[in-house]
>>> print(open('data02.txt').read())   # compact mmCIF, C-alpha atoms and all ligand atoms
# COMPACT_ATOMS: atom_id res chain seq x y z
CA MET A 1 32.83 -9.00 21.19
CA LYS A 2 33.36 -11.71 23.79
CA GLU A 3 33.35 -15.44 22.98
CA LYS A 4 30.40 -16.22 25.26
CA GLY A 5 27.26 -14.11 25.38
CA LEU A 6 25.34 -12.85 28.43
CA SER A 7 21.84 -13.63 29.59
CA GLU A 8 19.01 -11.37 28.44
CA ASP A 9 18.63 -10.07 31.99
CA GLU A 10 22.30 -9.17 32.19
CA VAL A 11 22.12 -7.33 28.88
CA LEU A 12 19.04 -5.41 29.97
CA HIS A 13 20.69 -4.45 33.26
CA LEU A 14 23.73 -3.16 31.44
CA LEU A 15 21.54 -1.18 29.06
CA ALA A 16 19.52 0.34 31.91
CA ASP A 17 22.75 1.36 33.59
CA VAL A 18 24.01 3.16 30.51
CA ARG A 19 20.60 4.68 29.79
CA SER A 20 20.65 6.28 33.25
CA LYS A 21 23.58 8.41 32.06
CA ASP A 22 21.32 10.17 29.54
CA TYR A 23 19.75 13.41 30.75
CA SER A 24 15.98 13.57 31.08
CA TYR A 25 13.64 15.47 28.77
CA ASP A 26 12.25 17.06 31.95
CA ARG A 27 15.37 19.26 32.02
CA PHE A 28 15.57 20.11 28.28
CA PHE A 29 14.79 23.55 26.92
CA SER A 30 17.27 23.07 24.08
CA THR A 31 15.64 20.42 21.96
CA MET A 32 13.10 20.43 19.16
CA CYS A 33 12.38 16.78 19.87
CA THR A 34 10.24 15.48 22.70
CA ARG A 35 9.10 12.21 24.21
CA PRO A 36 7.12 10.46 21.50
CA HIS A 37 3.44 9.85 22.16
CA ILE A 38 2.75 6.33 23.49
CA ILE A 39 0.71 5.43 20.39
CA ALA A 40 3.68 6.37 18.22
CA VAL A 41 5.92 4.11 20.30
CA LYS A 42 3.47 1.21 19.96
CA ALA A 43 3.14 1.71 16.21
CA HIS A 44 6.92 1.96 15.93
CA GLU A 45 7.35 -1.36 17.72
CA MET A 46 4.76 -3.05 15.49
CA PHE A 47 6.53 -2.00 12.30
CA LEU A 48 10.13 -2.04 13.52
CA GLU A 49 11.26 -4.92 11.31
CA THR A 50 9.62 -3.67 8.14
CA ASN A 51 11.80 -2.25 5.39
CA LEU A 52 10.49 0.47 3.10
CA GLY A 53 13.67 0.10 1.09
CA ASP A 54 11.92 -2.87 -0.51
CA PRO A 55 8.29 -1.76 -0.29
CA GLY A 56 6.80 -4.60 -2.32
CA LEU A 57 7.57 -6.94 0.57
CA PHE A 58 5.86 -4.65 3.06
CA SER A 59 2.80 -3.31 1.31
CA GLY A 60 1.14 -2.60 4.69
CA ALA A 61 3.96 -0.36 5.88
CA SER A 62 4.15 1.18 2.43
CA GLU A 63 0.43 2.00 2.56
CA LEU A 64 0.96 3.78 5.90
CA GLU A 65 3.76 5.85 4.38
CA GLN A 66 1.52 6.93 1.51
CA THR A 67 -1.37 7.71 3.85
CA SER A 68 0.90 9.74 6.15
CA ILE A 69 2.12 11.76 3.18
CA GLN A 70 -1.45 12.30 2.03
CA MET A 71 -2.51 13.45 5.51
CA MET A 72 0.42 15.84 5.76
CA GLY A 73 -0.41 17.01 2.24
CA GLU A 74 -3.97 17.81 3.36
CA LEU A 75 -2.58 19.69 6.33
CA LEU A 76 -0.39 21.71 3.97
CA HIS A 77 -3.23 22.37 1.47
CA CYS A 78 -2.16 19.86 -1.16
CA PRO A 79 -3.93 16.53 -0.65
CA ASN A 80 -2.32 15.16 -3.80
CA ALA A 81 1.21 15.94 -2.69
CA TYR A 82 4.01 13.53 -3.65
CA GLY A 83 6.68 12.59 -1.17
CA TYR A 84 8.03 10.17 1.35
CA ILE A 85 8.87 9.75 5.03
CA SER A 86 12.54 10.61 5.44
CA THR A 87 14.86 10.40 8.41
CA GLY A 88 14.32 14.04 9.38
CA GLY A 89 14.73 17.66 8.36
CA THR A 90 18.26 17.22 7.09
CA GLU A 91 17.36 14.48 4.61
CA SER A 92 14.22 16.31 3.51
CA ASN A 93 16.16 19.53 2.89
CA ILE A 94 18.89 17.70 0.99
CA GLN A 95 16.35 15.87 -1.15
CA GLY A 96 14.13 18.89 -1.75
CA ILE A 97 17.11 20.81 -3.11
CA ARG A 98 18.39 17.79 -5.03
CA ALA A 99 15.04 17.53 -6.80
CA ALA A 100 15.20 21.25 -7.63
CA ARG A 101 18.71 20.90 -9.00
CA ASN A 102 17.89 17.77 -11.01
CA THR A 103 14.86 19.37 -12.67
CA SER A 104 16.68 22.62 -13.46
CA ASN A 105 19.29 21.40 -15.95
CA ILE A 106 21.71 23.87 -14.41
CA ARG A 107 25.27 22.76 -13.64
CA ASN A 108 27.40 24.38 -10.92
CA GLY A 109 24.33 26.15 -9.66
CA ASN A 110 23.54 28.05 -6.49
CA ILE A 111 20.72 28.29 -3.99
CA VAL A 112 19.66 31.34 -2.01
CA VAL A 113 18.87 30.68 1.65
CA PRO A 114 18.15 33.00 4.56
CA LYS A 115 21.09 33.63 6.91
CA SER A 116 18.93 31.95 9.53
CA ALA A 117 18.91 28.63 7.63
CA HIS A 118 19.65 25.41 9.51
CA PHE A 119 23.14 23.95 9.10
CA SER A 120 21.73 21.14 6.96
CA PHE A 121 22.09 23.62 4.08
CA ASP A 122 25.86 23.66 4.62
CA LYS A 123 25.84 19.90 4.11
CA ILE A 124 23.81 20.46 0.93
CA ALA A 125 26.45 22.81 -0.43
CA ASP A 126 29.06 20.13 0.02
CA MET A 127 27.05 17.12 -1.13
CA LEU A 128 25.27 18.62 -4.10
CA CYS A 129 28.14 20.87 -5.21
CA LEU A 130 25.93 23.93 -5.04
CA GLU A 131 26.98 27.36 -3.89
CA VAL A 132 24.85 28.41 -0.93
CA ARG A 133 24.20 32.16 -0.94
CA GLN A 134 23.00 33.61 2.33
CA ALA A 135 20.47 36.42 2.23
CA GLU A 136 20.36 39.06 4.97
CA LEU A 137 17.64 39.22 7.59
CA ASP A 138 15.48 42.19 8.48
CA ASN A 139 14.98 43.59 12.00
CA ASP A 140 12.38 40.92 12.77
CA LEU A 141 14.89 38.23 11.70
CA LYS A 142 12.86 37.33 8.60
CA VAL A 143 14.70 37.04 5.33
CA ASP A 144 15.09 40.35 3.50
CA LEU A 145 13.47 40.16 0.08
CA ALA A 146 15.74 42.71 -1.58
CA SER A 147 18.76 40.77 -0.40
CA VAL A 148 17.30 37.53 -1.81
CA GLU A 149 16.63 39.20 -5.17
CA SER A 150 20.14 40.61 -5.33
CA LEU A 151 21.61 37.11 -4.94
CA ILE A 152 19.54 35.40 -7.65
CA ASP A 153 21.14 34.86 -11.03
CA GLN A 154 20.90 32.53 -14.06
CA LYS A 155 22.45 29.71 -12.03
CA THR A 156 19.99 29.79 -9.15
CA VAL A 157 18.27 26.41 -8.85
CA ALA A 158 16.26 27.08 -5.68
CA LEU A 159 15.16 29.66 -3.17
CA VAL A 160 14.61 28.62 0.43
CA GLY A 161 12.19 30.11 2.94
CA ILE A 162 11.89 28.95 6.52
CA ALA A 163 8.63 28.46 8.36
CA GLY A 164 9.87 28.29 11.94
CA THR A 165 13.56 29.15 12.08
CA THR A 166 15.73 26.94 14.25
CA GLU A 167 16.90 29.74 16.51
CA PHE A 168 13.97 32.15 16.72
CA GLY A 169 10.93 30.30 15.41
CA GLN A 170 10.41 33.11 12.90
CA VAL A 171 8.50 32.68 9.63
CA ASP A 172 9.94 34.14 6.41
CA PRO A 173 7.68 36.08 4.01
CA ILE A 174 6.83 32.97 1.99
CA GLU A 175 4.22 34.70 -0.22
CA ASP A 176 6.79 37.31 -1.32
CA LEU A 177 9.44 34.67 -1.92
CA ALA A 178 6.92 32.63 -3.91
CA LYS A 179 6.14 35.61 -6.14
CA VAL A 180 9.81 36.04 -6.96
CA ALA A 181 10.24 32.29 -7.46
CA SER A 182 7.23 32.10 -9.80
CA GLU A 183 8.29 35.12 -11.85
CA LYS A 184 11.73 33.63 -12.39
CA ASP A 185 10.54 30.02 -12.59
CA ILE A 186 12.74 28.92 -9.70
CA HIS A 187 11.91 26.13 -7.24
CA LEU A 188 10.89 27.42 -3.79
CA HIS A 189 11.61 25.01 -0.95
CA VAL A 190 10.04 25.80 2.41
CA ASP A 191 11.78 24.40 5.47
CA GLY A 192 8.93 23.75 7.87
CA ALA A 193 10.84 21.08 9.79
CA PHE A 194 9.74 22.67 13.05
CA GLY A 195 6.85 24.90 11.99
CA GLY A 196 5.13 22.28 9.87
CA PHE A 197 3.29 20.81 12.83
CA VAL A 198 2.84 24.22 14.52
CA LEU A 199 1.61 26.76 11.95
CA PRO A 200 -1.47 24.80 10.79
CA PHE A 201 -2.68 24.77 14.41
CA LEU A 202 -1.64 28.24 15.47
CA GLU A 203 -4.13 31.08 15.70
CA GLY A 204 -3.82 33.55 12.83
CA ASP A 205 -3.95 33.38 9.09
CA TRP A 206 -0.59 31.91 8.08
CA LYS A 207 0.09 31.66 4.37
CA TRP A 208 3.24 29.65 3.98
CA ASP A 209 2.40 26.22 2.56
CA PHE A 210 1.10 24.82 -0.77
CA LEU A 211 -1.82 27.25 -0.55
CA VAL A 212 0.72 29.75 -1.83
CA PRO A 213 1.23 29.24 -5.58
CA GLY A 214 4.98 29.04 -6.17
CA VAL A 215 5.80 26.84 -3.18
CA SER A 216 7.31 23.72 -4.76
CA SER A 217 8.38 21.57 -1.81
CA ILE A 218 8.08 21.47 1.96
CA THR A 219 10.05 19.85 4.77
CA ILE A 220 7.86 18.94 7.78
CA ASP A 221 9.15 16.80 10.64
CA PRO A 222 6.87 14.42 12.54
CA HIS A 223 9.73 13.77 15.02
CA LYS A 224 9.65 17.37 16.21
CA MET A 225 6.22 18.85 17.02
CA GLY A 226 4.50 15.84 15.43
CA LEU A 227 5.19 13.71 18.56
CA SER A 228 6.37 10.82 16.39
CA THR A 229 9.38 8.62 17.06
CA ILE A 230 12.86 9.46 15.78
CA PRO A 231 13.69 9.23 12.85
CA ALA A 232 10.57 10.62 11.17
CA GLY A 233 10.82 13.39 8.60
CA GLY A 234 8.49 14.41 5.81
CA LEU A 235 9.28 15.70 2.34
CA LEU A 236 6.40 16.80 0.12
CA PHE A 237 6.32 18.09 -3.45
CA ARG A 238 3.46 19.75 -5.29
CA GLU A 239 4.34 18.02 -8.57
CA ALA A 240 5.04 14.36 -9.33
CA LYS A 241 7.92 15.22 -11.65
CA LYS A 242 9.93 16.70 -8.75
CA LEU A 243 9.70 13.50 -6.74
CA ALA A 244 10.49 11.53 -9.88
CA ALA A 245 13.68 13.57 -10.23
CA LEU A 246 14.97 11.69 -7.17
CA GLU A 247 14.44 8.25 -8.65
CA THR A 248 17.21 5.67 -8.84
CA GLU A 249 16.81 2.37 -10.69
CA THR A 250 16.83 -0.49 -8.22
CA HIS A 251 17.00 -3.45 -10.62
CA TYR A 252 16.52 -6.44 -8.31
CA LEU A 253 14.07 -5.06 -5.72
CA THR A 254 10.28 -5.42 -5.64
CA LYS A 255 9.87 -1.88 -7.01
CA SER A 256 12.07 -0.80 -9.87
CA LYS A 257 12.70 2.74 -8.58
CA GLN A 258 13.57 4.33 -5.25
CA VAL A 259 13.33 8.00 -4.27
CA SER A 260 14.70 7.99 -0.72
CA LEU A 261 18.28 8.93 0.12
CA THR A 262 18.70 5.90 2.36
CA GLY A 263 18.23 2.38 1.03
CA THR A 264 17.10 0.08 3.81
CA ARG A 265 14.80 2.09 6.08
CA SER A 266 12.35 0.99 8.71
CA GLY A 267 8.62 1.52 8.19
CA ALA A 268 8.40 2.24 11.95
CA ALA A 269 8.59 6.00 11.52
CA ALA A 270 5.80 5.99 8.92
CA ALA A 271 3.60 3.85 11.17
CA ALA A 272 4.28 6.08 14.18
CA THR A 273 3.49 9.21 12.16
CA TYR A 274 0.27 7.70 10.84
CA ALA A 275 -0.80 6.52 14.31
CA ILE A 276 -0.33 9.86 16.03
CA MET A 277 -2.12 11.77 13.27
CA ILE A 278 -5.20 9.57 13.36
CA LEU A 279 -5.18 9.41 17.15
CA LEU A 280 -4.99 13.15 17.79
CA GLY A 281 -6.69 14.54 14.73
CA ARG A 282 -6.54 18.29 14.03
CA GLU A 283 -8.31 18.99 17.29
CA GLY A 284 -5.66 17.15 19.32
CA PHE A 285 -2.82 18.97 17.57
CA ARG A 286 -4.58 22.31 18.01
CA ASN A 287 -4.77 21.62 21.77
CA LEU A 288 -1.12 20.57 21.85
CA VAL A 289 0.06 23.71 20.06
CA LYS A 290 -2.15 25.87 22.27
CA HIS A 291 -0.60 24.26 25.33
CA CYS A 292 2.93 24.94 24.01
CA MET A 293 1.96 28.55 23.25
CA ASP A 294 0.53 28.93 26.77
CA LEU A 295 3.86 27.68 28.14
CA THR A 296 5.62 30.16 25.86
CA GLY A 297 3.46 33.08 27.05
CA TYR A 298 4.03 32.05 30.66
CA LEU A 299 7.81 31.88 30.18
CA VAL A 300 7.95 35.31 28.50
CA LYS A 301 5.77 36.90 31.21
CA SER A 302 7.67 35.30 34.09
CA ALA A 303 11.04 36.19 32.52
CA SER A 304 9.96 39.82 32.20
CA GLU A 305 9.40 39.86 35.98
CA ILE A 306 13.15 39.32 36.39
CA ASP A 307 13.84 41.86 33.67
CA LEU A 308 14.62 39.40 30.86
CA HIS A 309 13.10 39.96 27.44
CA PRO A 310 12.98 38.06 24.14
CA VAL A 311 14.92 39.18 21.05
CA ILE A 312 11.68 39.01 19.05
CA GLN A 313 8.13 38.49 20.26
CA PRO A 314 7.77 34.71 19.90
CA VAL A 315 5.78 33.61 16.87
CA MET A 316 5.78 29.98 17.92
CA ASN A 317 7.08 28.04 20.91
CA VAL A 318 10.67 29.21 20.52
CA VAL A 319 12.02 31.98 22.74
CA ALA A 320 15.41 33.66 22.48
CA LEU A 321 16.00 35.50 25.77
CA LYS A 322 18.46 38.37 25.92
CA VAL A 323 20.93 37.83 28.78
CA ALA A 324 24.44 39.07 29.49
CA SER A 325 27.12 36.46 28.61
CA PRO A 326 24.73 33.80 27.24
CA ILE A 327 27.41 31.14 26.83
CA ARG A 328 28.56 31.43 30.45
CA VAL A 329 24.92 31.36 31.58
CA LYS A 330 24.29 28.28 29.50
CA GLU A 331 27.25 26.56 31.16
CA GLU A 332 26.08 27.57 34.62
CA LEU A 333 22.61 26.25 33.84
CA ALA A 334 24.11 22.96 32.70
CA LYS A 335 25.78 22.61 36.12
CA ARG A 336 22.26 22.75 37.55
CA ASN A 337 21.13 20.16 35.01
CA TRP A 338 19.17 22.57 32.78
CA HIS A 339 19.95 22.19 29.11
CA VAL A 340 19.54 25.23 26.91
CA SER A 341 21.28 26.36 23.76
CA THR A 342 22.30 29.76 22.45
CA THR A 343 21.61 31.55 19.20
CA ARG A 344 24.38 32.69 16.88
CA GLU A 345 26.00 36.11 16.71
CA PRO A 346 25.04 38.89 16.26
CA GLN A 347 21.88 38.13 18.27
CA ARG A 348 23.51 35.83 20.81
CA ALA A 349 20.80 34.89 23.32
CA LEU A 350 19.53 31.96 25.37
CA ARG A 351 17.42 29.75 23.12
CA LEU A 352 14.51 27.98 24.76
CA ILE A 353 12.08 25.64 23.04
CA LEU A 354 8.78 25.07 24.83
CA MET A 355 8.13 21.49 23.79
CA PRO A 356 5.28 19.39 25.20
CA HIS A 357 7.57 17.86 27.85
CA VAL A 358 8.02 21.30 29.48
CA THR A 359 5.67 22.15 32.37
CA PHE A 360 4.65 25.39 34.09
CA LYS A 361 6.41 24.05 37.18
CA SER A 362 9.65 23.38 35.30
CA ILE A 363 9.56 26.92 33.91
CA ASP A 364 9.29 28.28 37.49
CA LEU A 365 12.19 26.13 38.71
CA PHE A 366 14.27 27.01 35.66
CA LEU A 367 13.72 30.75 36.07
CA ASP A 368 14.58 30.55 39.79
CA ASP A 369 17.93 29.04 38.84
CA LEU A 370 18.44 31.49 36.00
CA GLU A 371 17.75 34.41 38.34
CA ALA A 372 20.21 33.03 40.89
CA ILE A 373 22.90 32.69 38.21
CA LEU A 374 22.34 36.16 36.81
CA TYR A 375 21.80 38.21 39.91
CA SER A 376 23.62 36.61 42.85
N1 LIG B 1 15.35 22.56 9.52
C1 LIG B 1 15.09 23.23 10.66
C2 LIG B 1 14.35 24.52 10.60
C3 LIG B 1 15.52 22.70 11.89
O1 LIG B 1 15.29 23.39 13.01
C4 LIG B 1 16.21 21.48 11.90
C5 LIG B 1 16.71 20.86 13.18
C6 LIG B 1 16.44 20.81 10.68
C7 LIG B 1 16.00 21.39 9.51
C8 LIG B 1 17.14 19.49 10.62
O2 LIG B 1 16.36 18.50 11.16
P1 LIG B 1 16.95 17.09 11.64
O3 LIG B 1 17.81 17.39 12.85
O4 LIG B 1 15.73 16.31 11.94
O5 LIG B 1 17.73 16.54 10.54
N2 LIG B 1 16.52 21.58 14.33
C9 LIG B 1 17.08 21.23 15.61
C10 LIG B 1 18.42 21.91 15.76
O6 LIG B 1 19.36 21.62 15.00
C11 LIG B 1 17.24 19.77 15.82
C12 LIG B 1 17.58 19.37 17.21
C13 LIG B 1 16.81 18.44 17.82
C14 LIG B 1 18.68 19.89 17.88
C15 LIG B 1 17.16 18.03 19.09
C16 LIG B 1 19.00 19.49 19.16
C17 LIG B 1 18.23 18.56 19.76
O7 LIG B 1 18.53 18.14 21.01
O8 LIG B 1 18.53 22.74 16.63
>>> encode(input="data02.txt", output="structure tokens")
Amino acid sequence: MKEKGLSEDEVLHLLADVRSKDYSYDRFFSTMCTRPHIIAVKAHEMFLETNLGDPGLFSGASELEQTSIQMMGELLHCPNAYGYISTGGTESNIQGIRAARNTSNIRNGNIVVPKSAHFSFDKIADMLCLEVRQAELDNDLKVDLASVESLIDQKTVALVGIAGTTEFGQVDPIEDLAKVASEKDIHLHVDGAFGGFVLPFLEGDWKWDFLVPGVSSITIDPHKMGLSTIPAGGLLFREAKKLAALETETHYLTKSKQVSLTGTRSGAAAAATYAIMILLGREGFRNLVKHCMDLTGYLVKSASEIDLHPVIQPVMNVVALKVASPIRVKEELAKRNWHVSTTREPQRALRLILMPHVTFKSIDLFLDDLEAILYS
């Protein structure tokens, strides 16, 4: 830090300069985030200085957090859900499993996750000292129930199902997992970080949330398909005692107990999440998801015209396209300022997320470049 500071204008110029080095969302097919809705940005700004780490000082922000959780609970068929606004899917997954472990009375336990689980579960293994057992997937890339059952033992503290896998957007057979979990009295955590704001608005009769008896907790991220600002995650429990299992005594704060992983945390994310949900309503989200699914259908159809096909028929707005040498193709696309990612072996493919910032035009331009890379 220099002795003498700069003028505000100089600082802003420097910031704008650096910001111009960031790529634009217009060129992203790799991300599960998107530009936040303007109302979310405004709400975020209004509540930026609030601190939910000491909620008694910010009862307004705290009220918005509770209302956001209640609205997400309604969406997931449990209006009386207990939870909090976290920093994202990783924190929600960590805390969901921590609650399961803390209420189980099992030491040196394990959890059974699908092989398709997000890497946040690797962090969980390390942080919570739990063995993470990976269950096989079936041909549709859903978790295989027999494999899950074979991995469960006396030390299993939680099963995990995914509603919208990171790489393929697939939904695990949550009802089947819930049956097994209920029979064995094991916590079932559903990772709906991505699918949480998609499945409730998708056509079809999806049974994956608290409507299914046996689902104990759900991760749902407002900063993905919820159009909220980063960092906004949601963690919801069916029962109060699970949330209570995360409590730490806080002694000198305005509330005597805290459930979040972080201490000081802005109320901005809660306000942004609240604002977007009341602004759009279910109808607005339904339209948004329909738009993303239209983009998805358009991409799949247009790709098939250049003989490219998805690994699985997309369930939500995630497409994994089979191409030769996906990593090389990804690098070539990056040279043309298109940002995609690839799925893992053994189904290595180009992974494309059709977020609201994508347009029909950008799909056309992208596929023109992809065709040129592949065939010329
Ligand atoms: N669970 C699932 C199913 C996820 O897909 C993700 C993240 C998480 C949990 C963790 O969420 P947080 O990243 O909010 O902690 N899925 C994306 C991924 O890892 C996140 C992402 C977002 C990646 C933007 C890249 C990017 O540019 O692929």
>>> atom_distance(input="data02.txt", atom1="CA of Thr165 in chain A", atom2="CA of Ala268 in chain A")
27.4 Å
>>> residues_around(input="data02.txt", residues="Pro346 in chain A", least_positions_apart="2", cutoff="12 Å", atoms="all atoms listed in the file", output="ChimeraX atom specification")
/A:115-116,137,139,141,311,322,342-344,348-349
>>> write_last_selection(input="data02.txt", atoms="C-alpha atoms", output="PDB file, in the frame of the given file")
ATOM      1  CA  LYS A 115      21.090  33.630   6.910  1.00  0.00           C
ATOM      2  CA  SER A 116      18.930  31.950   9.530  1.00  0.00           C
ATOM      3  CA  LEU A 137      17.640  39.220   7.590  1.00  0.00           C
ATOM      4  CA  ASN A 139      14.980  43.590  12.000  1.00  0.00           C
ATOM      5  CA  LEU A 141      14.890  38.230  11.700  1.00  0.00           C
ATOM      6  CA  VAL A 311      14.920  39.180  21.050  1.00  0.00           C
ATOM      7  CA  LYS A 322      18.460  38.370  25.920  1.00  0.00           C
ATOM      8  CA  THR A 342      22.300  29.760  22.450  1.00  0.00           C
ATOM      9  CA  THR A 343      21.610  31.550  19.200  1.00  0.00           C
ATOM     10  CA  ARG A 344      24.380  32.690  16.880  1.00  0.00           C
ATOM     11  CA  ARG A 348      23.510  35.830  20.810  1.00  0.00           C
ATOM     12  CA  ALA A 349      20.800  34.890  23.320  1.00  0.00           C
TER      13      ALA A 349
END
>>> closest_residue(input="data02.txt", among="A:Ile106, A:Ala269, A:Ala125, A:Leu177", to="Lys155 in chain A", atoms="all atoms listed in the file")
A:Ile106
>>> residues_near_ligand(input="data02.txt", ligand="ligand LIG 1 (chain B)", cutoff="9 Å", atoms="all atoms listed in the file", output="PDB file with C-alpha atoms, keeping the file's coordinate frame")
ATOM      1  CA  PHE A  28      15.570  20.110  28.280  1.00  0.00           C
ATOM      2  CA  PHE A  29      14.790  23.550  26.920  1.00  0.00           C
ATOM      3  CA  SER A  30      17.270  23.070  24.080  1.00  0.00           C
ATOM      4  CA  THR A  31      15.640  20.420  21.960  1.00  0.00           C
ATOM      5  CA  MET A  32      13.100  20.430  19.160  1.00  0.00           C
ATOM      6  CA  CYS A  33      12.380  16.780  19.870  1.00  0.00           C
ATOM      7  CA  THR A  34      10.240  15.480  22.700  1.00  0.00           C
ATOM      8  CA  THR A  87      14.860  10.400   8.410  1.00  0.00           C
ATOM      9  CA  GLY A  88      14.320  14.040   9.380  1.00  0.00           C
ATOM     10  CA  GLY A  89      14.730  17.660   8.360  1.00  0.00           C
ATOM     11  CA  THR A  90      18.260  17.220   7.090  1.00  0.00           C
ATOM     12  CA  GLU A  91      17.360  14.480   4.610  1.00  0.00           C
ATOM     13  CA  SER A  92      14.220  16.310   3.510  1.00  0.00           C
ATOM     14  CA  ASN A  93      16.160  19.530   2.890  1.00  0.00           C
ATOM     15  CA  SER A 116      18.930  31.950   9.530  1.00  0.00           C
ATOM     16  CA  ALA A 117      18.910  28.630   7.630  1.00  0.00           C
ATOM     17  CA  HIS A 118      19.650  25.410   9.510  1.00  0.00           C
ATOM     18  CA  PHE A 119      23.140  23.950   9.100  1.00  0.00           C
ATOM     19  CA  SER A 120      21.730  21.140   6.960  1.00  0.00           C
ATOM     20  CA  PHE A 121      22.090  23.620   4.080  1.00  0.00           C
ATOM     21  CA  ILE A 162      11.890  28.950   6.520  1.00  0.00           C
ATOM     22  CA  ALA A 163       8.630  28.460   8.360  1.00  0.00           C
ATOM     23  CA  GLY A 164       9.870  28.290  11.940  1.00  0.00           C
ATOM     24  CA  THR A 165      13.560  29.150  12.080  1.00  0.00           C
ATOM     25  CA  THR A 166      15.730  26.940  14.250  1.00  0.00           C
ATOM     26  CA  GLU A 167      16.900  29.740  16.510  1.00  0.00           C
ATOM     27  CA  GLY A 169      10.930  30.300  15.410  1.00  0.00           C
ATOM     28  CA  ASP A 191      11.780  24.400   5.470  1.00  0.00           C
ATOM     29  CA  GLY A 192       8.930  23.750   7.870  1.00  0.00           C
ATOM     30  CA  ALA A 193      10.840  21.080   9.790  1.00  0.00           C
ATOM     31  CA  PHE A 194       9.740  22.670  13.050  1.00  0.00           C
ATOM     32  CA  GLY A 195       6.850  24.900  11.990  1.00  0.00           C
ATOM     33  CA  THR A 219      10.050  19.850   4.770  1.00  0.00           C
ATOM     34  CA  ILE A 220       7.860  18.940   7.780  1.00  0.00           C
ATOM     35  CA  ASP A 221       9.150  16.800  10.640  1.00  0.00           C
ATOM     36  CA  HIS A 223       9.730  13.770  15.020  1.00  0.00           C
ATOM     37  CA  LYS A 224       9.650  17.370  16.210  1.00  0.00           C
ATOM     38  CA  ILE A 230      12.860   9.460  15.780  1.00  0.00           C
ATOM     39  CA  PRO A 231      13.690   9.230  12.850  1.00  0.00           C
ATOM     40  CA  ALA A 232      10.570  10.620  11.170  1.00  0.00           C
ATOM     41  CA  GLY A 233      10.820  13.390   8.600  1.00  0.00           C
ATOM     42  CA  SER A 341      21.280  26.360  23.760  1.00  0.00           C
TER      43      SER A 341
END
>>> closest_residue(input="data02.txt", among="A:Ala303, A:Ala271, A:Lys361, A:Asn110", to="Ser228 in chain A", atoms="only C-alpha atoms")
A:Ala271
>>> atom_distance(input="data02.txt", atom1="CA of Leu352 in chain A", atom2="CA of Lys290 in chain A")
17.0 Å
>>> residues_around(input="data02.txt", residues="Lys335 in chain A", least_positions_apart="6", cutoff="12 Å", atoms="all atoms listed in the file", output="PyMOL selection string")
chain A and resi 27+328-329+369-370+373
>>> residues_around(input="data02.txt", residues="Glu305 in chain A", least_positions_apart="6", cutoff="12 Å", atoms="all atoms listed in the file", output="ChimeraX atom specification")
/A:298-299,364,367-368,371
>>> closest_residue(input="data02.txt", among="A:Lys42, A:Gly234, A:Gly83, A:His77", to="Val212 in chain A", atoms="all atoms listed in the file")
A:His77
